[in-house]
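Heads up, query_36.pdb below (PDB, C-alpha atoms):
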MODEL        1
ATOM      1  CA  MET T 149       0.000   0.000   0.000
ATOM      2  CA  ASN T 150       1.245   3.450  -0.803
ATOM      3  CA  ARG T 151       2.240   5.183   2.440
ATOM      4  CA  LYS T 152      -0.046   8.136   1.881
ATOM      5  CA  SER T 153      -2.932   6.485   0.066
ATOM      6  CA  PHE T 154      -4.681   5.326   3.245
ATOM      7  CA  GLU T 155      -4.711   8.592   5.116
ATOM      8  CA  PHE T 156      -4.925  11.408   2.605
ATOM      9  CA  SER T 157      -7.989  12.615   0.746
ATOM     10  CA  ARG T 158      -7.318  15.915  -0.987
ATOM     11  CA  ARG T 159      -9.200  18.421  -3.083
ATOM     12  CA  GLY T 160      -6.978  20.891  -4.853
ATOM     13  CA  VAL T 161      -7.599  24.600  -5.220
ATOM     14  CA  MET T 162     -10.835  25.157  -7.152
ATOM     15  CA  GLY T 163     -11.723  27.979  -9.453
ATOM     16  CA  LEU T 164      -8.321  28.278 -11.135
ATOM     17  CA  GLY T 165      -8.564  29.632 -14.649
ATOM     18  CA  LEU T 166     -11.805  31.509 -14.031
ATOM     19  CA  GLY T 167     -12.038  35.029 -15.363
ATOM     20  CA  ALA T 168     -12.182  37.936 -12.926
ATOM     21  CA  GLY T 169     -15.934  38.305 -13.357
ATOM     22  CA  ALA T 170     -16.671  34.638 -12.723
ATOM     23  CA  ALA T 171     -14.452  34.622  -9.636
ATOM     24  CA  LEU T 172     -16.585  37.366  -8.070
ATOM     25  CA  PHE T 173     -19.567  35.027  -8.095
ATOM     26  CA  ALA T 174     -17.726  32.002  -6.644
ATOM     27  CA  PRO T 175     -15.362  33.075  -3.856
ATOM     28  CA  ALA T 176     -16.428  30.233  -1.564
ATOM     29  CA  ILE T 177     -14.980  27.565  -3.817
ATOM     30  CA  VAL T 178     -11.568  29.155  -4.080
ATOM     31  CA  ARG T 179      -9.850  27.672  -1.049
ATOM     32  CA  ALA T 180      -6.685  25.961   0.124
ATOM     33  CA  GLU T 181      -5.966  22.287  -0.386
ATOM     34  CA  GLN T 182      -8.066  20.146   1.947
ATOM     35  CA  VAL T 183      -6.797  17.152   3.889
ATOM     36  CA  SER T 184      -8.486  14.228   5.636
ATOM     37  CA  LEU T 185      -6.405  12.520   8.348
ATOM     38  CA  ARG T 186      -7.125   9.496  10.553
ATOM     39  CA  TYR T 187      -6.533   9.296  14.319
ATOM     40  CA  GLY T 188      -6.609   5.814  15.852
ATOM     41  CA  HIS T 189      -6.325   5.049  19.564
ATOM     42  CA  ASN T 190      -7.098   2.408  22.180
ATOM     43  CA  ASN T 191      -9.163   4.336  24.741
ATOM     44  CA  GLU T 192     -12.898   4.444  25.271
ATOM     45  CA  PRO T 193     -14.460   7.712  24.012
ATOM     46  CA  ALA T 194     -15.850   8.566  27.471
ATOM     47  CA  SER T 195     -12.394   8.591  29.095
ATOM     48  CA  VAL T 196     -10.386  11.805  29.085
ATOM     49  CA  ALA T 197      -7.722  10.185  26.909
ATOM     50  CA  GLY T 198     -10.412   9.136  24.452
ATOM     51  CA  ALA T 199     -12.362  12.381  24.610
ATOM     52  CA  GLN T 200      -9.294  14.525  23.990
ATOM     53  CA  ALA T 201      -8.835  12.901  20.579
ATOM     54  CA  ASP T 202     -12.333  14.087  19.668
ATOM     55  CA  TRP T 203     -11.582  17.527  21.107
ATOM     56  CA  PHE T 204      -8.419  17.661  19.014
ATOM     57  CA  ALA T 205     -10.289  16.731  15.833
ATOM     58  CA  GLU T 206     -12.818  19.489  16.497
ATOM     59  CA  ALA T 207     -10.106  22.047  17.302
ATOM     60  CA  VAL T 208      -8.112  21.245  14.164
ATOM     61  CA  GLY T 209     -11.230  21.716  12.060
ATOM     62  CA  LYS T 210     -11.927  25.031  13.766
ATOM     63  CA  HIS T 211      -8.406  26.442  13.490
ATOM     64  CA  SER T 212      -8.016  25.307   9.869
ATOM     65  CA  ASN T 213     -11.422  26.705   8.873
ATOM     66  CA  GLY T 214     -12.416  23.221   7.779
ATOM     67  CA  ASP T 215      -9.372  22.626   5.573
ATOM     68  CA  ILE T 216      -8.302  19.661   7.748
ATOM     69  CA  LYS T 217     -10.708  16.918   8.741
ATOM     70  CA  VAL T 218      -9.538  14.517  11.467
ATOM     71  CA  GLU T 219     -11.470  11.233  11.695
ATOM     72  CA  VAL T 220     -11.154   9.502  15.084
ATOM     73  CA  PHE T 221     -11.264   5.716  15.533
ATOM     74  CA  PRO T 222     -11.349   4.829  19.275
ATOM     75  CA  SER T 223     -11.296   1.609  21.299
ATOM     76  CA  SER T 224      -8.567  -0.192  19.316
ATOM     77  CA  GLN T 225     -10.664  -0.247  16.140
ATOM     78  CA  LEU T 226      -7.484   0.188  14.080
ATOM     79  CA  GLY T 227      -5.224  -2.034  16.161
ATOM     80  CA  LYS T 228      -3.634  -2.642  19.540
ATOM     81  CA  LEU T 229      -1.111  -0.299  21.183
ATOM     82  CA  GLN T 230       1.948  -1.606  19.353
ATOM     83  CA  GLU T 231       0.091  -1.773  16.057
ATOM     84  CA  LEU T 232      -1.126   1.797  16.412
ATOM     85  CA  ALA T 233       2.388   3.065  17.087
ATOM     86  CA  GLU T 234       3.649   1.260  14.010
ATOM     87  CA  ALA T 235       0.725   2.499  11.904
ATOM     88  CA  VAL T 236       1.688   6.116  12.576
ATOM     89  CA  SER T 237       5.303   5.354  11.758
ATOM     90  CA  LEU T 238       4.309   3.691   8.477
ATOM     91  CA  GLY T 239       1.785   6.388   7.613
ATOM     92  CA  THR T 240      -1.284   4.158   7.430
ATOM     93  CA  ILE T 241      -2.813   6.526   9.973
ATOM     94  CA  ALA T 242      -1.808  10.113  10.674
ATOM     95  CA  PHE T 243      -2.249  10.321  14.474
ATOM     96  CA  SER T 244      -2.359   8.184  17.566
ATOM     97  CA  HIS T 245      -1.564   8.520  21.244
ATOM     98  CA  ASN T 246       0.412   6.196  23.437
ATOM     99  CA  THR T 247       2.434   6.077  26.596
ATOM    100  CA  ALA T 248       6.027   7.258  26.351
ATOM    101  CA  GLY T 249       6.964   3.622  26.938
ATOM    102  CA  GLY T 250       4.915   2.699  23.885
ATOM    103  CA  ILE T 251       6.644   5.356  21.796
ATOM    104  CA  GLY T 252       9.855   3.769  23.063
ATOM    105  CA  SER T 253       9.034   0.786  20.854
ATOM    106  CA  LEU T 254       9.724   3.110  17.918
ATOM    107  CA  TYR T 255      12.648   5.011  19.450
ATOM    108  CA  GLU T 256      13.923   3.425  22.656
ATOM    109  CA  PRO T 257      15.041   6.548  24.599
ATOM    110  CA  PHE T 258      11.428   7.720  24.769
ATOM    111  CA  ALA T 259      10.723   4.939  27.270
ATOM    112  CA  ALA T 260      12.832   6.788  29.846
ATOM    113  CA  LEU T 261       9.997   9.322  30.203
ATOM    114  CA  ASP T 262       7.804   6.631  31.799
ATOM    115  CA  THR T 263      10.322   5.654  34.470
ATOM    116  CA  PRO T 264       8.608   5.121  37.845
ATOM    117  CA  TYR T 265       9.070   7.703  40.601
ATOM    118  CA  LEU T 266      11.002   9.986  38.233
ATOM    119  CA  TYR T 267       9.184  13.307  38.512
ATOM    120  CA  ARG T 268       9.029  15.668  41.484
ATOM    121  CA  ASP T 269       5.404  16.560  40.768
ATOM    122  CA  ILE T 270       2.925  17.075  37.926
ATOM    123  CA  ASP T 271       4.401  20.469  37.076
ATOM    124  CA  HIS T 272       7.831  18.888  36.603
ATOM    125  CA  LEU T 273       6.358  16.150  34.412
ATOM    126  CA  MET T 274       4.574  18.619  32.160
ATOM    127  CA  LYS T 275       7.637  20.857  31.827
ATOM    128  CA  VAL T 276       9.652  17.855  30.654
ATOM    129  CA  MET T 277       6.886  16.740  28.273
ATOM    130  CA  ASP T 278       6.451  20.183  26.686
ATOM    131  CA  ILE T 279       7.501  19.823  23.031
ATOM    132  CA  ASN T 280       9.785  22.844  23.461
ATOM    133  CA  SER T 281      11.679  21.458  26.464
ATOM    134  CA  PRO T 282      15.323  20.526  25.736
ATOM    135  CA  VAL T 283      14.602  16.900  26.623
ATOM    136  CA  MET T 284      11.588  16.638  24.301
ATOM    137  CA  GLN T 285      13.306  18.483  21.466
ATOM    138  CA  GLU T 286      16.183  16.014  21.604
ATOM    139  CA  LEU T 287      13.899  12.998  21.777
ATOM    140  CA  ASN T 288      11.601  14.302  19.064
ATOM    141  CA  GLN T 289      14.469  14.703  16.613
ATOM    142  CA  GLY T 290      15.502  11.133  17.318
ATOM    143  CA  LEU T 291      11.936   9.905  16.834
ATOM    144  CA  ILE T 292      11.579  11.700  13.499
ATOM    145  CA  GLN T 293      14.808  10.173  12.226
ATOM    146  CA  ALA T 294      14.185   6.688  13.594
ATOM    147  CA  ALA T 295      10.465   6.242  12.965
ATOM    148  CA  ASN T 296       9.191   8.982  10.637
ATOM    149  CA  CYS T 297       6.823  10.481  13.205
ATOM    150  CA  ARG T 298       6.853  13.342  15.690
ATOM    151  CA  VAL T 299       5.262  14.287  18.995
ATOM    152  CA  ILE T 300       2.826  17.165  18.554
ATOM    153  CA  TYR T 301       1.712  17.369  22.187
ATOM    154  CA  ALA T 302       1.485  15.433  25.432
ATOM    155  CA  HIS T 303      -1.162  15.816  28.126
ATOM    156  CA  TYR T 304      -1.210  14.687  31.729
ATOM    157  CA  PHE T 305      -2.652  11.188  31.954
ATOM    158  CA  GLY T 306      -2.557  10.666  35.714
ATOM    159  CA  ARG T 307      -0.691   8.878  38.464
ATOM    160  CA  ARG T 308      -0.761   5.142  37.995
ATOM    161  CA  ASN T 309      -2.046   3.066  40.897
ATOM    162  CA  LEU T 310      -2.352  -0.639  41.613
ATOM    163  CA  THR T 311      -5.583  -2.640  41.798
ATOM    164  CA  CYS T 312      -6.112  -6.240  42.829
ATOM    165  CA  ASN T 313      -8.415  -8.388  44.951
ATOM    166  CA  LYS T 314      -6.586  -8.153  48.238
ATOM    167  CA  GLU T 315      -5.020  -5.534  50.466
ATOM    168  CA  VAL T 316      -1.445  -4.662  49.513
ATOM    169  CA  LYS T 317       0.797  -2.460  51.662
ATOM    170  CA  THR T 318       4.344  -3.522  50.745
ATOM    171  CA  PRO T 319       6.065  -5.225  47.780
ATOM    172  CA  ALA T 320       6.161  -8.436  49.821
ATOM    173  CA  ASP T 321       2.356  -8.562  49.686
ATOM    174  CA  LEU T 322       2.527  -8.994  45.901
ATOM    175  CA  ALA T 323       4.746 -12.074  45.972
ATOM    176  CA  GLY T 324       3.419 -14.722  43.603
ATOM    177  CA  MET T 325       0.734 -12.447  42.146
ATOM    178  CA  LYS T 326       0.350 -11.923  38.400
ATOM    179  CA  ILE T 327      -0.156  -8.262  37.586
ATOM    180  CA  ARG T 328      -0.949  -7.008  34.115
ATOM    181  CA  ALA T 329       1.833  -4.880  32.673
ATOM    182  CA  VAL T 330       1.567  -2.591  29.681
ATOM    183  CA  PRO T 331       3.443  -4.681  27.074
ATOM    184  CA  PHE T 332       6.577  -2.516  27.000
ATOM    185  CA  PRO T 333       9.822  -3.105  28.965
ATOM    186  CA  ILE T 334       9.727  -0.114  31.339
ATOM    187  CA  TYR T 335       6.239  -1.126  32.528
ATOM    188  CA  GLN T 336       7.202  -4.746  33.025
ATOM    189  CA  ALA T 337      10.192  -3.598  35.090
ATOM    190  CA  ALA T 338       7.882  -1.416  37.197
ATOM    191  CA  VAL T 339       5.530  -4.302  38.001
ATOM    192  CA  GLU T 340       8.428  -6.623  38.772
ATOM    193  CA  GLY T 341       9.926  -3.978  41.032
ATOM    194  CA  MET T 342       6.630  -3.712  42.888
ATOM    195  CA  GLY T 343       7.052  -7.369  43.836
ATOM    196  CA  ALA T 344       4.736  -9.102  41.365
ATOM    197  CA  ALA T 345       5.084 -11.250  38.267
ATOM    198  CA  PRO T 346       4.449  -8.992  35.245
ATOM    199  CA  VAL T 347       2.151 -10.385  32.563
ATOM    200  CA  PRO T 348       2.102  -8.301  29.363
ATOM    201  CA  VAL T 349      -1.499  -7.836  28.187
ATOM    202  CA  ASP T 350      -2.793  -5.325  25.662
ATOM    203  CA  TRP T 351      -5.299  -2.879  27.107
ATOM    204  CA  SER T 352      -8.109  -4.180  24.899
ATOM    205  CA  GLU T 353      -7.815  -7.557  26.655
ATOM    206  CA  VAL T 354      -7.449  -6.387  30.268
ATOM    207  CA  PRO T 355     -11.074  -6.621  31.499
ATOM    208  CA  THR T 356     -11.325 -10.199  30.242
ATOM    209  CA  ALA T 357      -7.902 -11.125  31.655
ATOM    210  CA  LEU T 358      -8.975  -9.847  35.078
ATOM    211  CA  ALA T 359     -12.387 -11.509  34.967
ATOM    212  CA  THR T 360     -10.935 -14.883  33.987
ATOM    213  CA  GLY T 361      -7.976 -14.813  36.369
ATOM    214  CA  VAL T 362      -5.283 -14.654  33.700
ATOM    215  CA  VAL T 363      -3.970 -11.791  35.835
ATOM    216  CA  ASN T 364      -4.746 -10.916  39.455
ATOM    217  CA  GLY T 365      -4.442  -7.177  39.116
ATOM    218  CA  GLN T 366      -3.366  -4.221  37.013
ATOM    219  CA  GLU T 367      -2.151  -0.618  37.313
ATOM    220  CA  ASN T 368      -3.608   2.541  35.785
ATOM    221  CA  PRO T 369      -4.734   6.080  36.614
ATOM    222  CA  VAL T 370      -8.012   6.314  38.545
ATOM    223  CA  ASN T 371      -9.810   7.926  35.584
ATOM    224  CA  VAL T 372      -9.199   4.787  33.537
ATOM    225  CA  ILE T 373     -10.079   2.436  36.392
ATOM    226  CA  LEU T 374     -13.399   4.211  36.901
ATOM    227  CA  ASN T 375     -14.248   4.630  33.231
ATOM    228  CA  VAL T 376     -13.922   0.956  32.337
ATOM    229  CA  LYS T 377     -15.598  -0.195  35.586
ATOM    230  CA  LEU T 378     -12.672  -2.206  36.891
ATOM    231  CA  TYR T 379     -14.311  -1.917  40.310
ATOM    232  CA  GLU T 380     -16.603  -4.699  39.098
ATOM    233  CA  VAL T 381     -13.689  -7.174  38.996
ATOM    234  CA  GLN T 382     -11.197  -5.624  41.463
ATOM    235  CA  SER T 383     -11.869  -5.003  45.150
ATOM    236  CA  HIS T 384      -8.843  -2.950  46.243
ATOM    237  CA  LEU T 385      -7.155   0.211  44.973
ATOM    238  CA  MET T 386      -3.638   0.932  46.251
ATOM    239  CA  LEU T 387      -2.541   4.549  45.828
ATOM    240  CA  THR T 388       1.029   3.653  44.935
ATOM    241  CA  GLY T 389       1.336   6.582  42.502
ATOM    242  CA  HIS T 390       4.318   4.694  41.128
ATOM    243  CA  MET T 391       4.319   6.385  37.743
ATOM    244  CA  SER T 392       3.252   9.857  36.638
ATOM    245  CA  ASN T 393       2.200   9.586  33.024
ATOM    246  CA  ALA T 394       1.701  11.889  30.101
ATOM    247  CA  GLU T 395      -0.193  10.576  27.096
ATOM    248  CA  VAL T 396       1.910  11.306  24.018
ATOM    249  CA  VAL T 397       0.177  12.277  20.756
ATOM    250  CA  VAL T 398       2.241  11.524  17.668
ATOM    251  CA  MET T 399       1.810  12.433  14.008
ATOM    252  CA  ASN T 400       3.272  10.809  10.924
ATOM    253  CA  GLU T 401       6.106  12.975   9.624
ATOM    254  CA  ASP T 402       5.076  12.709   5.962
ATOM    255  CA  ALA T 403       1.580  13.845   6.930
ATOM    256  CA  TRP T 404       3.055  16.794   8.823
ATOM    257  CA  GLN T 405       5.360  17.822   6.009
ATOM    258  CA  GLY T 406       2.480  17.516   3.541
ATOM    259  CA  LEU T 407       0.566  20.303   5.281
ATOM    260  CA  SER T 408       0.757  23.925   4.240
ATOM    261  CA  ASP T 409       2.222  26.445   6.690
ATOM    262  CA  ALA T 410      -1.281  27.593   7.607
ATOM    263  CA  GLN T 411      -2.409  24.010   8.194
ATOM    264  CA  LYS T 412       0.637  23.313  10.380
ATOM    265  CA  GLU T 413      -0.198  26.389  12.410
ATOM    266  CA  ALA T 414      -3.765  25.110  12.842
ATOM    267  CA  VAL T 415      -2.514  21.734  14.137
ATOM    268  CA  ALA T 416      -0.080  23.486  16.478
ATOM    269  CA  LYS T 417      -2.817  25.731  17.896
ATOM    270  CA  ALA T 418      -5.126  22.770  18.405
ATOM    271  CA  SER T 419      -2.315  20.829  20.097
ATOM    272  CA  LEU T 420      -1.674  23.535  22.685
ATOM    273  CA  GLU T 421      -5.376  24.001  23.326
ATOM    274  CA  ILE T 422      -6.138  20.317  23.855
ATOM    275  CA  ARG T 423      -2.961  19.628  25.849
ATOM    276  CA  ASP T 424      -4.094  22.158  28.430
ATOM    277  CA  ARG T 425      -7.745  21.127  28.368
ATOM    278  CA  ALA T 426      -7.022  17.401  28.825
ATOM    279  CA  THR T 427      -4.415  18.020  31.518
ATOM    280  CA  LYS T 428      -6.866  20.161  33.498
ATOM    281  CA  ALA T 429      -9.622  17.572  33.085
ATOM    282  CA  ILE T 430      -7.416  14.845  34.588
ATOM    283  CA  GLU T 431      -6.022  17.026  37.392
ATOM    284  CA  ASP T 432      -9.425  18.370  38.383
ATOM    285  CA  ASN T 433     -10.943  14.923  38.684
ATOM    286  CA  GLU T 434      -8.283  12.653  40.233
ATOM    287  CA  ASP T 435      -9.597  13.109  43.777
ATOM    288  CA  LYS T 436     -13.223  12.944  42.615
ATOM    289  CA  ASP T 437     -12.552   9.754  40.640
ATOM    290  CA  THR T 438     -10.823   8.186  43.640
ATOM    291  CA  GLN T 439     -13.846   8.974  45.805
ATOM    292  CA  ALA T 440     -16.161   7.620  43.118
ATOM    293  CA  LEU T 441     -14.262   4.326  43.255
ATOM    294  CA  ARG T 442     -14.775   4.257  47.024
ATOM    295  CA  ASP T 443     -18.454   4.873  46.435
ATOM    296  CA  LYS T 444     -18.508   1.949  43.998
ATOM    297  CA  GLY T 445     -17.241  -0.324  46.775
ATOM    298  CA  MET T 446     -13.476  -0.414  46.259
ATOM    299  CA  LYS T 447     -11.360  -0.337  49.403
ATOM    300  CA  VAL T 448      -8.766   2.399  48.900
ATOM    301  CA  ILE T 449      -5.378   1.871  50.565
ATOM    302  CA  GLY T 450      -3.081   4.889  50.863
ATOM    303  CA  PRO T 451      -0.330   5.965  53.254
ATOM    304  CA  ALA T 452      -2.947   6.697  55.926
ATOM    305  CA  GLU T 453      -4.002   3.039  55.731
ATOM    306  CA  GLY T 454      -0.405   1.794  55.965
ATOM    307  CA  LEU T 455       0.705   1.745  52.323
ATOM    308  CA  ASP T 456       4.521   1.932  52.367
ATOM    309  CA  ILE T 457       5.359   4.203  49.411
ATOM    310  CA  ASP T 458       9.044   4.322  50.371
ATOM    311  CA  ALA T 459       9.276   0.533  50.183
ATOM    312  CA  PHE T 460       7.707   0.494  46.718
ATOM    313  CA  SER T 461       9.951   3.342  45.521
ATOM    314  CA  ALA T 462      13.096   1.589  46.752
ATOM    315  CA  SER T 463      12.108  -1.790  45.318
ATOM    316  CA  VAL T 464      11.083  -0.402  41.928
ATOM    317  CA  GLY T 465      14.122   1.871  41.816
ATOM    318  CA  LYS T 466      16.457  -1.083  42.262
ATOM    319  CA  VAL T 467      15.013  -2.952  39.277
ATOM    320  CA  VAL T 468      14.921   0.172  37.114
ATOM    321  CA  GLU T 469      18.553   0.971  37.900
ATOM    322  CA  GLU T 470      19.626  -2.578  37.020
ATOM    323  CA  ARG T 471      17.704  -2.592  33.716
ATOM    324  CA  PHE T 472      17.928   1.007  32.543
ATOM    325  CA  GLY T 473      20.412   2.939  34.682
ATOM    326  CA  GLU T 474      23.306   2.699  32.251
ATOM    327  CA  LYS T 475      21.111   3.076  29.163
ATOM    328  CA  PHE T 476      19.085   6.094  30.298
ATOM    329  CA  GLY T 477      21.304   7.591  33.002
ATOM    330  CA  ALA T 478      22.339  10.692  31.032
ATOM    331  CA  LEU T 479      18.724  11.320  30.056
ATOM    332  CA  TYR T 480      17.589  10.992  33.669
ATOM    333  CA  GLU T 481      20.045  13.699  34.648
ATOM    334  CA  LYS T 482      18.672  16.035  31.970
ATOM    335  CA  ILE T 483      15.135  15.366  33.193
ATOM    336  CA  LYS T 484      16.074  16.084  36.800
ATOM    337  CA  ALA T 485      17.768  19.330  35.733
ATOM    338  CA  ILE T 486      14.531  20.802  34.354
ATOM    339  CA  ALA T 487      13.229  23.233  36.962
TER     340      ALA T 487
ENDMDL
END
Spit out the file's structure as structure tokens when you get a sec.
Amino acid sequence: MNRKSFEFSRRGVMGLGLGAGAALFAPAIVRAEQVSLRYGHNNEPASVAGAQADWFAEAVGKHSNGDIKVEVFPSSQLGKLQELAEAVSLGTIAFSHNTAGGIGSLYEPFAALDTPYLYRDIDHLMKVMDINSPVMQELNQGLIQAANCRVIYAHYFGRRNLTCNKEVKTPADLAGMKIRAVPFPIYQAAVEGMGAAPVPVDWSEVPTALATGVVNGQENPVNVILNVKLYEVQSHLMLTGHMSNAEVVVMNEDAWQGLSDAQKEAVAKASLEIRDRATKAIEDNEDKDTQALRDKGMKVIGPAEGLDIDAFSASVGKVVEERFGEKFGALYEKIKAIA
């Protein structure tokens, strides 16, 4: 398949060759080249991560005056996480979003951005993930060269927390338990460091894997846990906060370069607008979503209930250092240096 044939639908400038008099009667049809682009992702439309794709499509249409149409395909309609990342790289779709660890499957250094217990706070995370930060500029250039796609924005996705069907307060409590891990190395290392056996499962298969006992638990932000009703198959939520995530939105580089300057500006404006809107939506609702999970019957275990965050941080940090310390050490220092 031709790289561009699947994602581009263009109408060239109309009205060329008309006389001056005729043009006066048809100004509406004299317009810039129009583009149709596809956005595939794995989230449910009602989640913030899913909704922001729809917000982005609407914002791009608005800022481009209708010259760019973004079609959104949610809930893994166009493939699983790895397949979606590869589809953007190949150009069979124009946009997708993924974890930084998922983008690391295309350009490995990106995975460093999803290292557990790396960021001081949400503000630090978002400064690092800003496309104009020195860290992101460096990584983005590498991604363009390695995989023919670029990050256009990243929004706060939430602090990842553990769920399972028993109370967990220390890594020792997870011994022998199978916990779903996002199927990328940095996530598997995180779960192993927490004391469990990591089982890589694509997100589209998680509810079934939990219901059938293929895995005993999983880890995700509370917005995701609430949205997909994991409280129906998991009794306990542990506020480990072991990973602060940004959802990374990537665009195929050929699609980007095929846009006019005005169309690029429209995408850039939409990116900034939706980054801020999605980040605020997650931040504003983390406490509310946690309470909603309590109301749904989940027992929430935090430091006040005896959850030993320091023990989890030390245990996870040991595994991360063994697996990634040498590989990502210089990048970690650059991340820490961002004030």
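Distances from T:Lys447, T:Lys417, T:Lys314, T:His390 to T:Gly341 were compared using only C-alpha atoms, and the smallest one belongs to T:His390.
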Q: Would you mind telling me which residue in T:Leu266, T:Ser352, T:Ser392, T:Gly239 lies nearest to T:Gly477 when using only C-alpha atoms?
A: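 The answer is T:Leu266, which sits nearest to T:Gly477.
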Q | Atom-to-atom span, atom CA of T:Phe204 and atom CA of T:Glu181, Å | A |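 If I compute the distance from atom CA of T:Phe204 to atom CA of T:Glu181, I get 20.1 Å.
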Q) Skipping near chain neighbours, those fewer than 6 positions away, what residues fall within 10 Å of stretch 278-283 of chain T using all atoms listed in the file, listed as a list in words? A)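 Once the nearby chain positions are removed, what remains is Phe258, Leu261, Arg298, Val299, Ile300, Tyr301, Ala302, His303, Leu420, Arg423, Leu479, Tyr480, Lys482, Ile483, Ala485 and Ile486 of chain T.
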Q.
I need the output of the PyMOL selection byres ((chain T and resi 286-295) around 6) for this file as a list in words; which residues are they?
A.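 Evaluating the PyMOL selection byres ((chain T and resi 286-295) around 6) on these coordinates yields Ser237, Leu254, Tyr255, Val283, Met284, Gln285, Asn296, Cys297 and Arg298 of chain T.
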Q: On this file, the PyMOL selection byres ((chain T and resi 270) around 12) gives some set of residues; write that set as a ChimeraX atom specification.
A: /T:265-269,271-277,303-307,389,391-394,427-428,430-431
**Q.** Residues selected by the PyMOL selection byres ((chain T and resi 324-327) around 8), written as a PyMOL selection string
**A.** chain T and resi 322-323+328-329+339+344-347+362-367
Q | Two-atom distance - atom CA of T:Pro331, atom CA of T:Thr360 (Å) | A |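 So the two atoms, atom CA of T:Pro331 and atom CA of T:Thr360, lie 18.9 Å apart.
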